[in-house]
Amino acid sequence: MLRLDYLSCGLTVLSTILVGRKCWEGWGLAAINSVIICIIGIRTSQWGFVPANLFCIILYGMNLRSWRKPQET
């Protein structure tokens, strides 16, 4: 069975490295990770994870969109 906690741990590390290297893909992975954390929160009745990570998903989407815009010179 897939352990979502280990998957989330890996995605956290990978997305942090990618964002640190200024790769837009890091924001996408961070959003996917937030969905996984929401699932973990629902499965374990830790409801505080859900609204916090829904907010993060919105924030990651906004960051992803702004990073993907072409640079104006």
# chains A, B, ... in the order shown; residues from 1 in each chain; ligands from 1
$ select_by_dssp --residues "chain A" --states "helix (DSSP H, G or I)" --output "short mmCIF file (atom, residue, chain, number, x, y, z; two decimals) with N, CA and C atoms, in the first residue's frame"
data_model
loop_
_atom_site.label_atom_id
_atom_site.label_comp_id
_atom_site.auth_asym_id
_atom_site.auth_seq_id
_atom_site.Cartn_x
_atom_site.Cartn_y
_atom_site.Cartn_z
N LEU A 4 1.13 7.64 2.02
CA LEU A 4 1.00 9.04 1.61
C LEU A 4 1.95 9.95 2.39
N ASP A 5 2.26 9.58 3.64
CA ASP A 5 3.17 10.42 4.41
C ASP A 5 4.57 10.43 3.81
N TYR A 6 5.05 9.29 3.34
CA TYR A 6 6.36 9.24 2.70
C TYR A 6 6.35 9.96 1.36
N LEU A 7 5.27 9.80 0.61
CA LEU A 7 5.13 10.50 -0.66
C LEU A 7 5.13 12.01 -0.43
N SER A 8 4.40 12.47 0.57
CA SER A 8 4.36 13.88 0.90
C SER A 8 5.73 14.40 1.31
N CYS A 9 6.45 13.61 2.07
CA CYS A 9 7.79 13.99 2.50
C CYS A 9 8.70 14.19 1.28
N GLY A 10 8.67 13.26 0.35
CA GLY A 10 9.48 13.36 -0.86
C GLY A 10 9.10 14.56 -1.71
N LEU A 11 7.79 14.79 -1.86
CA LEU A 11 7.34 15.93 -2.64
C LEU A 11 7.71 17.25 -1.99
N THR A 12 7.68 17.30 -0.66
CA THR A 12 8.08 18.52 0.05
C THR A 12 9.53 18.86 -0.25
N VAL A 13 10.40 17.87 -0.13
CA VAL A 13 11.82 18.08 -0.38
C VAL A 13 12.06 18.47 -1.84
N LEU A 14 11.47 17.73 -2.76
CA LEU A 14 11.68 17.99 -4.18
C LEU A 14 11.14 19.36 -4.60
N SER A 15 9.95 19.70 -4.14
CA SER A 15 9.37 21.00 -4.53
C SER A 15 10.18 22.15 -3.94
N THR A 16 10.69 21.99 -2.72
CA THR A 16 11.51 23.03 -2.11
C THR A 16 12.81 23.23 -2.89
N ILE A 17 13.43 22.15 -3.32
CA ILE A 17 14.65 22.24 -4.12
C ILE A 17 14.36 22.94 -5.45
N LEU A 18 13.27 22.56 -6.11
CA LEU A 18 12.94 23.15 -7.40
C LEU A 18 12.62 24.63 -7.30
N VAL A 19 11.85 25.02 -6.29
CA VAL A 19 11.54 26.44 -6.11
C VAL A 19 12.82 27.21 -5.80
N GLY A 20 13.68 26.62 -5.00
CA GLY A 20 14.96 27.26 -4.69
C GLY A 20 15.83 27.47 -5.91
N GLU A 25 8.15 24.34 -11.91
CA GLU A 25 7.58 23.02 -11.62
C GLU A 25 7.49 22.75 -10.12
N GLY A 26 8.34 23.42 -9.35
CA GLY A 26 8.29 23.25 -7.90
C GLY A 26 6.96 23.68 -7.31
N TRP A 27 6.37 24.75 -7.86
CA TRP A 27 5.06 25.21 -7.37
C TRP A 27 3.97 24.18 -7.69
N GLY A 28 4.07 23.55 -8.85
CA GLY A 28 3.10 22.51 -9.21
C GLY A 28 3.19 21.31 -8.29
N LEU A 29 4.42 20.88 -8.00
CA LEU A 29 4.59 19.76 -7.08
C LEU A 29 4.13 20.12 -5.67
N ALA A 30 4.36 21.36 -5.26
CA ALA A 30 3.90 21.79 -3.93
C ALA A 30 2.38 21.74 -3.85
N ALA A 31 1.70 22.12 -4.93
CA ALA A 31 0.23 22.07 -4.95
C ALA A 31 -0.26 20.62 -4.86
N ILE A 32 0.39 19.73 -5.59
CA ILE A 32 0.03 18.31 -5.53
C ILE A 32 0.25 17.79 -4.11
N ASN A 33 1.35 18.21 -3.50
CA ASN A 33 1.63 17.81 -2.12
C ASN A 33 0.55 18.30 -1.17
N SER A 34 0.06 19.51 -1.37
CA SER A 34 -1.00 20.03 -0.50
C SER A 34 -2.28 19.22 -0.63
N VAL A 35 -2.58 18.74 -1.83
CA VAL A 35 -3.74 17.86 -2.01
C VAL A 35 -3.55 16.58 -1.20
N ILE A 36 -2.35 16.03 -1.25
CA ILE A 36 -2.05 14.81 -0.49
C ILE A 36 -2.19 15.06 1.00
N ILE A 37 -1.71 16.22 1.47
CA ILE A 37 -1.83 16.54 2.90
C ILE A 37 -3.30 16.69 3.29
N CYS A 38 -4.12 17.25 2.40
CA CYS A 38 -5.56 17.32 2.67
C CYS A 38 -6.15 15.92 2.81
N ILE A 39 -5.76 15.02 1.94
CA ILE A 39 -6.26 13.63 2.01
C ILE A 39 -5.83 12.99 3.33
N ILE A 40 -4.57 13.20 3.72
CA ILE A 40 -4.08 12.66 4.99
C ILE A 40 -4.90 13.25 6.14
N GLY A 41 -5.14 14.56 6.11
CA GLY A 41 -5.92 15.21 7.16
C GLY A 41 -7.33 14.66 7.26
N ILE A 42 -7.97 14.42 6.12
CA ILE A 42 -9.33 13.87 6.12
C ILE A 42 -9.33 12.44 6.66
N ARG A 43 -8.38 11.63 6.19
CA ARG A 43 -8.33 10.23 6.63
C ARG A 43 -8.06 10.08 8.12
N PHE A 49 -5.57 20.56 8.86
CA PHE A 49 -4.74 20.49 7.66
C PHE A 49 -5.50 20.91 6.40
N VAL A 50 -6.79 20.70 6.39
CA VAL A 50 -7.57 20.90 5.16
C VAL A 50 -7.65 22.38 4.76
N PRO A 51 -8.18 23.28 5.59
CA PRO A 51 -8.26 24.67 5.14
C PRO A 51 -6.89 25.31 4.90
N ALA A 52 -5.91 24.95 5.72
CA ALA A 52 -4.57 25.52 5.54
C ALA A 52 -4.00 25.12 4.18
N ASN A 53 -4.18 23.89 3.79
CA ASN A 53 -3.62 23.43 2.53
C ASN A 53 -4.46 23.84 1.32
N LEU A 54 -5.75 24.04 1.51
CA LEU A 54 -6.55 24.62 0.42
C LEU A 54 -6.07 26.04 0.13
N PHE A 55 -5.77 26.80 1.19
CA PHE A 55 -5.20 28.13 1.01
C PHE A 55 -3.85 28.04 0.28
N CYS A 56 -3.02 27.08 0.67
CA CYS A 56 -1.72 26.91 0.01
C CYS A 56 -1.87 26.58 -1.46
N ILE A 57 -2.86 25.75 -1.81
CA ILE A 57 -3.08 25.40 -3.21
C ILE A 57 -3.39 26.65 -4.02
N ILE A 58 -4.23 27.52 -3.48
CA ILE A 58 -4.56 28.77 -4.17
C ILE A 58 -3.30 29.63 -4.33
N LEU A 59 -2.52 29.74 -3.27
CA LEU A 59 -1.30 30.52 -3.30
C LEU A 59 -0.29 29.95 -4.30
N TYR A 60 -0.14 28.64 -4.32
CA TYR A 60 0.77 28.00 -5.27
C TYR A 60 0.31 28.25 -6.71
N GLY A 61 -0.99 28.20 -6.94
CA GLY A 61 -1.51 28.49 -8.28
C GLY A 61 -1.20 29.90 -8.73
N MET A 62 -1.35 30.85 -7.82
CA MET A 62 -1.03 32.24 -8.15
C MET A 62 0.46 32.40 -8.42
N ASN A 63 1.30 31.78 -7.60
CA ASN A 63 2.74 31.84 -7.82
C ASN A 63 3.14 31.18 -9.13
N LEU A 64 2.54 30.04 -9.41
CA LEU A 64 2.85 29.33 -10.65
C LEU A 64 2.50 30.18 -11.85
N ARG A 65 1.34 30.82 -11.80
CA ARG A 65 0.91 31.66 -12.92
C ARG A 65 1.85 32.86 -13.10
N SER A 66 2.25 33.48 -12.01
CA SER A 66 3.12 34.65 -12.13
C SER A 66 4.53 34.26 -12.58
N TRP A 67 5.01 33.10 -12.17
CA TRP A 67 6.34 32.66 -12.59
C TRP A 67 6.37 32.25 -14.05
N ARG A 68 5.23 31.78 -14.56
CA ARG A 68 5.17 31.31 -15.95
C ARG A 68 4.96 32.45 -16.94
#
